[in-house]
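Colleague: Contents are mmCIF, C-alpha atoms and all ligand atoms; file name work_8.cif:
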data_run
#
loop_
_atom_site.label_atom_id
_atom_site.label_comp_id
_atom_site.auth_asym_id
_atom_site.auth_seq_id
_atom_site.Cartn_x
_atom_site.Cartn_y
_atom_site.Cartn_z
CA MET U 1 37.18 -26.99 -9.65
CA THR U 2 33.60 -26.87 -8.47
CA THR U 3 31.82 -23.77 -7.30
CA THR U 4 31.73 -23.50 -3.54
CA GLU U 5 30.32 -20.87 -1.26
CA THR U 6 32.93 -19.38 1.04
CA GLY U 7 30.87 -16.52 2.43
CA PRO U 8 27.80 -14.44 1.77
CA HIS U 9 29.38 -12.64 -1.20
CA VAL U 10 32.42 -14.77 -1.92
CA ARG U 11 32.35 -17.63 -4.39
CA SER U 12 35.16 -19.76 -5.74
CA PRO U 13 34.87 -19.63 -9.54
CA THR U 14 34.87 -22.65 -11.79
CA PHE U 15 38.33 -22.05 -13.20
CA ASP U 16 41.14 -24.59 -13.37
CA GLY U 17 44.25 -22.57 -12.80
CA PRO U 18 45.81 -20.00 -10.55
CA ILE U 19 43.55 -17.10 -9.68
CA ALA U 20 44.96 -13.80 -8.52
CA THR U 21 43.06 -11.58 -6.11
CA ARG U 22 43.81 -8.30 -7.90
CA MET U 23 43.04 -7.47 -11.53
CA SER U 24 46.55 -6.34 -12.33
CA GLU U 25 47.68 -9.94 -11.80
CA PHE U 26 44.89 -11.75 -13.64
CA SER U 27 46.26 -14.16 -16.25
CA ALA U 28 45.17 -14.09 -19.89
CA ALA U 29 43.47 -17.47 -19.41
CA TYR U 30 41.57 -16.17 -16.41
CA MET U 31 40.52 -13.05 -18.33
CA THR U 32 39.17 -15.29 -21.10
CA HIS U 33 37.24 -17.21 -18.45
CA ILE U 34 35.77 -13.93 -17.16
CA GLU U 35 34.83 -12.80 -20.68
CA GLU U 36 32.94 -16.05 -21.23
CA HIS U 37 30.96 -15.40 -18.07
CA LEU U 38 30.22 -11.85 -19.14
CA ASP U 39 28.83 -13.15 -22.42
CA GLU U 40 26.63 -15.65 -20.57
CA ASP U 41 25.49 -12.90 -18.25
CA TYR U 42 23.95 -11.00 -21.18
CA THR U 43 21.47 -13.85 -21.64
CA HIS U 44 19.81 -12.71 -18.41
CA VAL U 45 19.35 -9.10 -19.52
CA PRO U 46 15.84 -9.56 -21.00
CA ASP U 47 14.61 -11.01 -17.70
CA ARG U 48 16.24 -8.19 -15.75
CA ILE U 49 14.69 -5.53 -17.97
CA MET U 50 11.28 -7.14 -17.57
CA GLY U 51 11.79 -7.15 -13.81
CA LEU U 52 12.83 -3.50 -13.80
CA LEU U 53 9.82 -2.55 -15.89
CA ARG U 54 7.49 -4.38 -13.51
CA SER U 55 9.10 -2.58 -10.58
CA THR U 56 8.20 0.79 -12.09
CA ASP U 57 4.57 0.02 -11.28
CA GLU U 58 5.55 1.03 -7.72
CA LEU U 59 6.54 4.50 -8.94
CA VAL U 60 3.46 6.69 -8.91
CA GLN U 61 4.96 9.96 -7.67
CA GLY U 62 1.68 11.87 -7.65
CA PHE U 63 0.68 11.07 -11.21
CA GLN U 64 -2.62 9.41 -12.10
CA VAL U 65 -0.79 6.44 -13.57
CA SER U 66 2.32 4.56 -12.46
CA GLN U 67 5.54 4.87 -14.40
CA LEU U 68 4.91 1.39 -15.76
CA VAL U 69 1.55 2.48 -17.16
CA HIS U 70 3.10 5.71 -18.45
CA GLY U 71 5.72 3.69 -20.30
CA LEU U 72 3.09 1.28 -21.61
CA GLN U 73 0.96 4.17 -22.88
CA THR U 74 3.97 5.77 -24.56
CA ALA U 75 4.82 2.45 -26.22
CA THR U 76 1.19 1.82 -27.17
CA ARG U 77 1.08 5.19 -28.93
CA ALA U 78 4.44 4.56 -30.62
CA GLU U 79 3.30 1.20 -31.95
CA ALA U 80 -0.02 2.61 -33.17
CA ALA U 81 1.91 5.29 -35.03
CA GLY U 82 3.94 2.65 -36.86
CA ALA U 83 7.23 3.09 -34.99
CA ASP U 84 9.84 0.36 -35.39
CA ILE U 85 10.62 -2.16 -32.66
CA ASP U 86 13.61 -0.17 -31.35
CA MET U 87 11.46 2.92 -30.86
CA ILE U 88 8.61 0.98 -29.27
CA VAL U 89 10.95 -0.63 -26.76
CA GLY U 90 12.66 2.72 -26.22
CA ALA U 91 9.27 4.27 -25.50
CA LEU U 92 8.52 1.51 -23.01
CA CYS U 93 11.84 2.04 -21.22
CA HIS U 94 12.37 5.79 -21.60
CA ASP U 95 11.63 6.65 -17.96
CA ILE U 96 13.10 3.51 -16.38
CA GLY U 97 15.88 5.65 -14.89
CA LYS U 98 13.36 7.07 -12.44
CA ILE U 99 13.90 3.92 -10.41
CA ILE U 100 17.16 5.56 -9.34
CA SER U 101 16.83 9.30 -9.84
CA ASN U 102 14.31 11.62 -11.43
CA ALA U 103 16.94 14.31 -11.96
CA ASN U 104 19.02 12.42 -14.50
CA HIS U 105 16.61 9.67 -15.49
CA PRO U 106 16.89 10.23 -19.27
CA ALA U 107 20.66 9.65 -19.19
CA ILE U 108 20.27 6.54 -17.04
CA ALA U 109 17.65 5.02 -19.34
CA ALA U 110 19.51 5.98 -22.51
CA GLU U 111 22.75 4.36 -21.40
CA MET U 112 20.94 1.22 -20.23
CA ILE U 113 19.35 0.63 -23.63
CA ARG U 114 22.21 2.01 -25.75
CA PRO U 115 24.01 -1.26 -26.59
CA PHE U 116 20.79 -2.81 -27.90
CA VAL U 117 18.94 -0.09 -29.83
CA SER U 118 19.54 2.17 -32.81
CA ASP U 119 21.48 5.43 -32.47
CA GLU U 120 18.21 7.25 -33.13
CA VAL U 121 16.38 5.68 -30.19
CA TYR U 122 19.36 6.12 -27.89
CA TRP U 123 19.45 9.84 -28.69
CA VAL U 124 15.71 10.38 -28.47
CA VAL U 125 15.58 8.80 -25.00
CA LYS U 126 18.69 10.72 -23.88
CA VAL U 127 17.22 14.13 -24.76
CA HIS U 128 13.52 13.42 -24.25
CA GLN U 129 13.20 15.70 -21.24
CA ASP U 130 14.54 18.68 -23.21
CA PHE U 131 11.72 18.12 -25.70
CA GLU U 132 9.10 17.25 -23.08
CA GLY U 133 9.90 20.54 -21.34
CA MET U 134 7.82 22.45 -23.88
CA HIS U 135 4.74 21.05 -22.17
CA TYR U 136 5.54 22.01 -18.56
CA TYR U 137 8.88 23.79 -18.04
CA ALA U 138 7.31 27.27 -18.14
CA ARG U 139 5.33 26.48 -15.00
CA MET U 140 8.61 25.62 -13.26
CA GLY U 141 10.49 28.73 -14.31
CA LEU U 142 12.55 26.76 -16.81
CA ASP U 143 13.04 27.33 -20.54
CA PRO U 144 10.18 25.53 -22.32
CA MET U 145 12.11 25.61 -25.57
CA ALA U 146 15.15 23.80 -24.22
CA ARG U 147 14.75 21.54 -27.23
CA LEU U 148 16.03 24.29 -29.52
CA LYS U 149 19.61 23.61 -28.43
CA HIS U 150 19.29 20.41 -30.46
CA CYS U 151 18.20 22.21 -33.65
CA GLY U 152 19.83 20.72 -36.70
CA HIS U 153 20.32 17.29 -35.15
CA PRO U 154 19.39 14.53 -37.63
CA PHE U 155 16.99 12.97 -35.11
CA TYR U 156 15.37 16.23 -33.99
CA ALA U 157 12.03 15.51 -35.68
CA SER U 158 11.97 12.05 -34.17
CA ALA U 159 12.45 13.47 -30.67
CA GLU U 160 9.68 16.01 -31.30
CA ARG U 161 7.30 13.26 -32.32
CA PHE U 162 8.26 11.17 -29.31
CA ALA U 163 7.65 13.99 -26.84
CA ASP U 164 4.66 15.71 -28.43
CA GLU U 165 2.65 12.79 -29.79
CA TRP U 166 3.45 9.98 -27.37
CA ASP U 167 5.23 10.81 -24.09
CA GLU U 168 3.40 14.04 -23.30
CA GLN U 169 0.01 12.39 -23.70
CA ALA U 170 0.70 9.23 -21.72
CA PHE U 171 -0.78 10.06 -18.32
CA ASP U 172 -4.38 9.05 -18.96
CA PRO U 173 -5.91 6.46 -16.61
CA ASP U 174 -8.70 5.85 -19.14
CA PHE U 175 -6.43 5.22 -22.13
CA ALA U 176 -6.65 1.79 -23.79
CA THR U 177 -3.20 0.77 -22.62
CA LEU U 178 -1.66 -2.40 -24.02
CA PRO U 179 -0.32 -4.66 -21.24
CA LEU U 180 3.34 -5.42 -20.59
CA GLU U 181 2.79 -8.95 -21.90
CA HIS U 182 2.02 -7.47 -25.32
CA PHE U 183 5.45 -5.84 -25.44
CA GLU U 184 7.40 -8.67 -23.80
CA PRO U 185 8.38 -10.41 -27.07
CA MET U 186 9.75 -7.08 -28.36
CA VAL U 187 11.66 -6.51 -25.13
CA ARG U 188 13.16 -9.99 -25.35
CA GLU U 189 14.10 -9.57 -29.00
CA VAL U 190 15.83 -6.21 -28.52
CA PHE U 191 17.69 -7.11 -25.35
CA SER U 192 18.79 -10.47 -26.77
CA ARG U 193 20.80 -8.75 -29.49
CA PRO U 194 24.58 -8.88 -29.26
CA PRO U 195 25.37 -5.68 -27.34
CA ARG U 196 27.16 -2.98 -29.28
CA ARG U 197 30.31 -1.55 -27.80
CA CYS U 198 29.59 2.04 -26.85
CA PRO U 199 32.02 4.90 -26.46
CA ALA U 200 32.06 6.64 -23.10
CA ALA U 201 29.11 9.01 -22.72
FE FE I 1 7.83 10.04 -19.96
#
Please rewrite the model in this file as structure tokens.

Modeller:
Amino acid sequence: MTTTETGPHVRSPTFDGPIATRMSEFSAAYMTHIEEHLDEDYTHVPDRIMGLLRSTDELVQGFQVSQLVHGLQTATRAEAAGADIDMIVGALCHDIGKIISNANHPAIAAEMIRPFVSDEVYWVVKVHQDFEGMHYYARMGLDPMARLKHCGHPFYASAERFADEWDEQAFDPDFATLPLEHFEPMVREVFSRPPRRCPAA
């Protein structure tokens, strides 16, 4: 069977066999066919991440630098400090969730990168706002030491370093920021890894 367009969002799949229209009736052979397509789909993830990162250059939100530049500066600082590739890519992507929502952007970014990075980087990105709060929460009437609820966590020191030495300082229009092209090979390496299965958040 060849692929044919049947409407703006309807496409006949390349599957030789009966195809049900509801998941409860999908055959095992058809499910295998779907799984193969899902695997192939992962090969496009590096391009999609690069596209998402580029799109964050449109997010300025009153800062002196765009969210792309903020991410690049965070990653530049992480790399200069000797961080591993997972942490550098995590630094680059840590605010990517702001494309959708500022309110829960750490959770969005953390879950997006989770299948491809270490547990440490996943956790640091997930909680980074709690740690970043020390630098500005007091001026918003929030608890600047929100980070303390994570005391005792094995990656606590890593999150402190991320927030205090890299993220917090990455709003400088005069900083010698490395370009996205510098980080692209790292992005492609990390997001080309076989994705880990993740438990529900
Ligand atoms: Fe940030």

Colleague: Which is closest to ligand FE 1 (chain I) among U:Met31, U:Leu52, U:Ala109, U:Leu142, if we use all atoms listed in the file?

Modeller: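 Comparing U:Met31, U:Leu52, U:Ala109, U:Leu142 against ligand FE 1 (chain I), the winner is U:Ala109.
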
Colleague: At a cut-off of 12 Å and counting all atoms listed in the file, what residues surround ligand FE 1 (chain I)? Please answer as a VMD selection string.

Modeller: chain U and resid 63 65 to 75 90 to 98 102 105 to 106 109 124 to 133 135 162 to 171

Colleague: Enter the distance from atom CA of U:Leu148 to atom CA of U:Ala107, in Å, rounded to one decimal.

Modeller: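 Computed distance, atom CA of U:Leu148 to atom CA of U:Ala107, equals 18.5 Å.
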
Colleague: Mind giving me the straight-line distance from atom CA of U:Cys198 to atom CA of U:Trp123 in Å, one decimal?

Modeller: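 Going from atom CA of U:Cys198 over to atom CA of U:Trp123 covers 12.9 Å.
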
Colleague: Would you kindly return, as a PDB file with C-alpha atoms, keeping the file's coordinate frame, each protein, DNA or RNA residue with an atom no farther than 10 Å from any atom of U:Arg197, considering all atoms listed in the file and excluding same-chain residues fewer than 3 positions away?

Modeller:
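Contents of selection-v7.pdb, as written:
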ATOM      1  CA  ARG U 114      22.210   2.010 -25.750  1.00  0.00           C
ATOM      2  CA  PRO U 115      24.010  -1.260 -26.590  1.00  0.00           C
ATOM      3  CA  PHE U 116      20.790  -2.810 -27.900  1.00  0.00           C
ATOM      4  CA  PRO U 194      24.580  -8.880 -29.260  1.00  0.00           C
ATOM      5  CA  ALA U 200      32.060   6.640 -23.100  1.00  0.00           C
TER       6      ALA U 200
END

Colleague: Find the residue from U:Arg54, U:Gln64, U:Ser24, U:Gly82 that sits nearest to U:Pro173; use all atoms listed in the file when measuring.

Modeller: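 When distances to U:Pro173 are compared using all atoms listed in the file, the smallest one comes from U:Gln64.
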
Colleague: Dump as a VMD selection string all residues having an atom at most 8 Å from (10.8, -3.6, -20.4), computed in the file's coordinates with only C-alpha atoms.

Modeller: chain U and resid 46 49 to 54 89 92 to 93 180 183 to 184 187

Colleague: Keeping C-alpha atoms for every residue in the selection just given, could you write it to a file as a short mmCIF file (atom, residue, chain, number, x, y, z; two decimals), in the frame of the given file?

Modeller:
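Wrote it out as selection28.cif, contents follow:
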data_model
loop_
_atom_site.label_atom_id
_atom_site.label_comp_id
_atom_site.auth_asym_id
_atom_site.auth_seq_id
_atom_site.Cartn_x
_atom_site.Cartn_y
_atom_site.Cartn_z
CA PRO U 46 15.84 -9.56 -21.00
CA ILE U 49 14.69 -5.53 -17.97
CA MET U 50 11.28 -7.14 -17.57
CA GLY U 51 11.79 -7.15 -13.81
CA LEU U 52 12.83 -3.50 -13.80
CA LEU U 53 9.82 -2.55 -15.89
CA ARG U 54 7.49 -4.38 -13.51
CA VAL U 89 10.95 -0.63 -26.76
CA LEU U 92 8.52 1.51 -23.01
CA CYS U 93 11.84 2.04 -21.22
CA LEU U 180 3.34 -5.42 -20.59
CA PHE U 183 5.45 -5.84 -25.44
CA GLU U 184 7.40 -8.67 -23.80
CA VAL U 187 11.66 -6.51 -25.13
#

Colleague: Record the distance separating atom CA of U:Arg147 and atom CA of U:Glu111, expressed in Å with one decimal.

Modeller: 19.8 Å

Colleague: Ranking U:Arg193, U:Ile99, U:Glu36, U:Arg161 by minimum distance to U:Ala81 and counting all atoms listed in the file, which one comes first?

Modeller: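 Among U:Arg193, U:Ile99, U:Glu36, U:Arg161, it is U:Arg161 that comes nearest to U:Ala81.
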
Colleague: Select, from U:Ala80, U:Pro144, U:Ala29, U:Met112, the residue with the minimum atom-to-atom distance to U:Val45, counting all atoms listed in the file.

Modeller: U:Met112

Colleague: Would you please work out which residue, of U:Ser118, U:Thr32, U:Ser27, U:Thr14, is nearest to U:Asp86 when using all atoms listed in the file?

Modeller: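 Using all atoms listed in the file, the shortest distance to U:Asp86 belongs to U:Ser118.
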
Colleague: Only N, CA and C atoms, please: stretch 172-195 of chain U from the block, as a PDB file, in the first residue's frame.

Modeller:
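Wrote it out as out.pdb, contents follow:
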ATOM      1  N   ASP U 172      23.742  38.840  30.450  1.00  0.00           N
ATOM      2  CA  ASP U 172      24.687  39.913  30.159  1.00  0.00           C
ATOM      3  C   ASP U 172      24.864  40.078  28.645  1.00  0.00           C
ATOM      4  N   PRO U 173      24.384  41.206  28.097  1.00  0.00           N
ATOM      5  CA  PRO U 173      24.506  41.392  26.644  1.00  0.00           C
ATOM      6  C   PRO U 173      25.949  41.529  26.171  1.00  0.00           C
ATOM      7  N   ASP U 174      26.866  41.782  27.095  1.00  0.00           N
ATOM      8  CA  ASP U 174      28.273  41.954  26.710  1.00  0.00           C
ATOM      9  C   ASP U 174      29.121  40.704  26.956  1.00  0.00           C
ATOM     10  N   PHE U 175      28.478  39.639  27.404  1.00  0.00           N
ATOM     11  CA  PHE U 175      29.220  38.402  27.690  1.00  0.00           C
ATOM     12  C   PHE U 175      29.675  37.747  26.380  1.00  0.00           C
ATOM     13  N   ALA U 176      30.850  37.132  26.409  1.00  0.00           N
ATOM     14  CA  ALA U 176      31.379  36.438  25.228  1.00  0.00           C
ATOM     15  C   ALA U 176      30.643  35.104  25.061  1.00  0.00           C
ATOM     16  N   THR U 177      29.482  35.204  24.461  1.00  0.00           N
ATOM     17  CA  THR U 177      28.584  34.049  24.347  1.00  0.00           C
ATOM     18  C   THR U 177      28.970  33.175  23.165  1.00  0.00           C
ATOM     19  N   LEU U 178      29.127  31.876  23.402  1.00  0.00           N
ATOM     20  CA  LEU U 178      29.386  30.971  22.285  1.00  0.00           C
ATOM     21  C   LEU U 178      28.090  30.793  21.480  1.00  0.00           C
ATOM     22  N   PRO U 179      28.204  30.688  20.159  1.00  0.00           N
ATOM     23  CA  PRO U 179      27.000  30.606  19.316  1.00  0.00           C
ATOM     24  C   PRO U 179      26.353  29.213  19.374  1.00  0.00           C
ATOM     25  N   LEU U 180      25.118  29.164  18.913  1.00  0.00           N
ATOM     26  CA  LEU U 180      24.392  27.884  18.905  1.00  0.00           C
ATOM     27  C   LEU U 180      25.143  26.831  18.088  1.00  0.00           C
ATOM     28  N   GLU U 181      25.798  27.273  17.022  1.00  0.00           N
ATOM     29  CA  GLU U 181      26.533  26.322  16.171  1.00  0.00           C
ATOM     30  C   GLU U 181      27.624  25.598  16.963  1.00  0.00           C
ATOM     31  N   HIS U 182      28.192  26.267  17.952  1.00  0.00           N
ATOM     32  CA  HIS U 182      29.215  25.621  18.783  1.00  0.00           C
ATOM     33  C   HIS U 182      28.629  24.426  19.526  1.00  0.00           C
ATOM     34  N   PHE U 183      27.383  24.580  19.983  1.00  0.00           N
ATOM     35  CA  PHE U 183      26.769  23.535  20.802  1.00  0.00           C
ATOM     36  C   PHE U 183      26.006  22.497  19.971  1.00  0.00           C
ATOM     37  N   GLU U 184      25.815  22.784  18.686  1.00  0.00           N
ATOM     38  CA  GLU U 184      24.983  21.890  17.870  1.00  0.00           C
ATOM     39  C   GLU U 184      25.469  20.437  17.869  1.00  0.00           C
ATOM     40  N   PRO U 185      26.779  20.170  17.734  1.00  0.00           N
ATOM     41  CA  PRO U 185      27.202  18.757  17.774  1.00  0.00           C
ATOM     42  C   PRO U 185      26.847  18.071  19.098  1.00  0.00           C
ATOM     43  N   MET U 186      26.909  18.818  20.195  1.00  0.00           N
ATOM     44  CA  MET U 186      26.533  18.241  21.499  1.00  0.00           C
ATOM     45  C   MET U 186      25.035  17.974  21.549  1.00  0.00           C
ATOM     46  N   VAL U 187      24.250  18.900  21.036  1.00  0.00           N
ATOM     47  CA  VAL U 187      22.798  18.706  20.989  1.00  0.00           C
ATOM     48  C   VAL U 187      22.477  17.456  20.167  1.00  0.00           C
ATOM     49  N   ARG U 188      23.113  17.325  19.030  1.00  0.00           N
ATOM     50  CA  ARG U 188      22.823  16.185  18.161  1.00  0.00           C
ATOM     51  C   ARG U 188      23.271  14.874  18.803  1.00  0.00           C
ATOM     52  N   GLU U 189      24.392  14.893  19.494  1.00  0.00           N
ATOM     53  CA  GLU U 189      24.852  13.672  20.161  1.00  0.00           C
ATOM     54  C   GLU U 189      23.879  13.243  21.262  1.00  0.00           C
ATOM     55  N   VAL U 190      23.492  14.172  22.101  1.00  0.00           N
ATOM     56  CA  VAL U 190      22.631  13.830  23.246  1.00  0.00           C
ATOM     57  C   VAL U 190      21.253  13.368  22.781  1.00  0.00           C
ATOM     58  N   PHE U 191      20.678  14.094  21.839  1.00  0.00           N
ATOM     59  CA  PHE U 191      19.308  13.765  21.424  1.00  0.00           C
ATOM     60  C   PHE U 191      19.260  12.670  20.357  1.00  0.00           C
ATOM     61  N   SER U 192      20.424  12.120  19.998  1.00  0.00           N
ATOM     62  CA  SER U 192      20.458  10.944  19.131  1.00  0.00           C
ATOM     63  C   SER U 192      20.578   9.652  19.936  1.00  0.00           C
ATOM     64  N   ARG U 193      20.718   9.788  21.248  1.00  0.00           N
ATOM     65  CA  ARG U 193      20.817   8.588  22.086  1.00  0.00           C
ATOM     66  C   ARG U 193      19.488   7.831  22.084  1.00  0.00           C
ATOM     67  N   PRO U 194      19.554   6.500  22.263  1.00  0.00           N
ATOM     68  CA  PRO U 194      18.292   5.777  22.433  1.00  0.00           C
ATOM     69  C   PRO U 194      17.570   6.331  23.659  1.00  0.00           C
ATOM     70  N   PRO U 195      16.330   6.751  23.516  1.00  0.00           N
ATOM     71  CA  PRO U 195      15.634   7.358  24.658  1.00  0.00           C
ATOM     72  C   PRO U 195      15.371   6.351  25.765  1.00  0.00           C
TER      73      PRO U 195
END
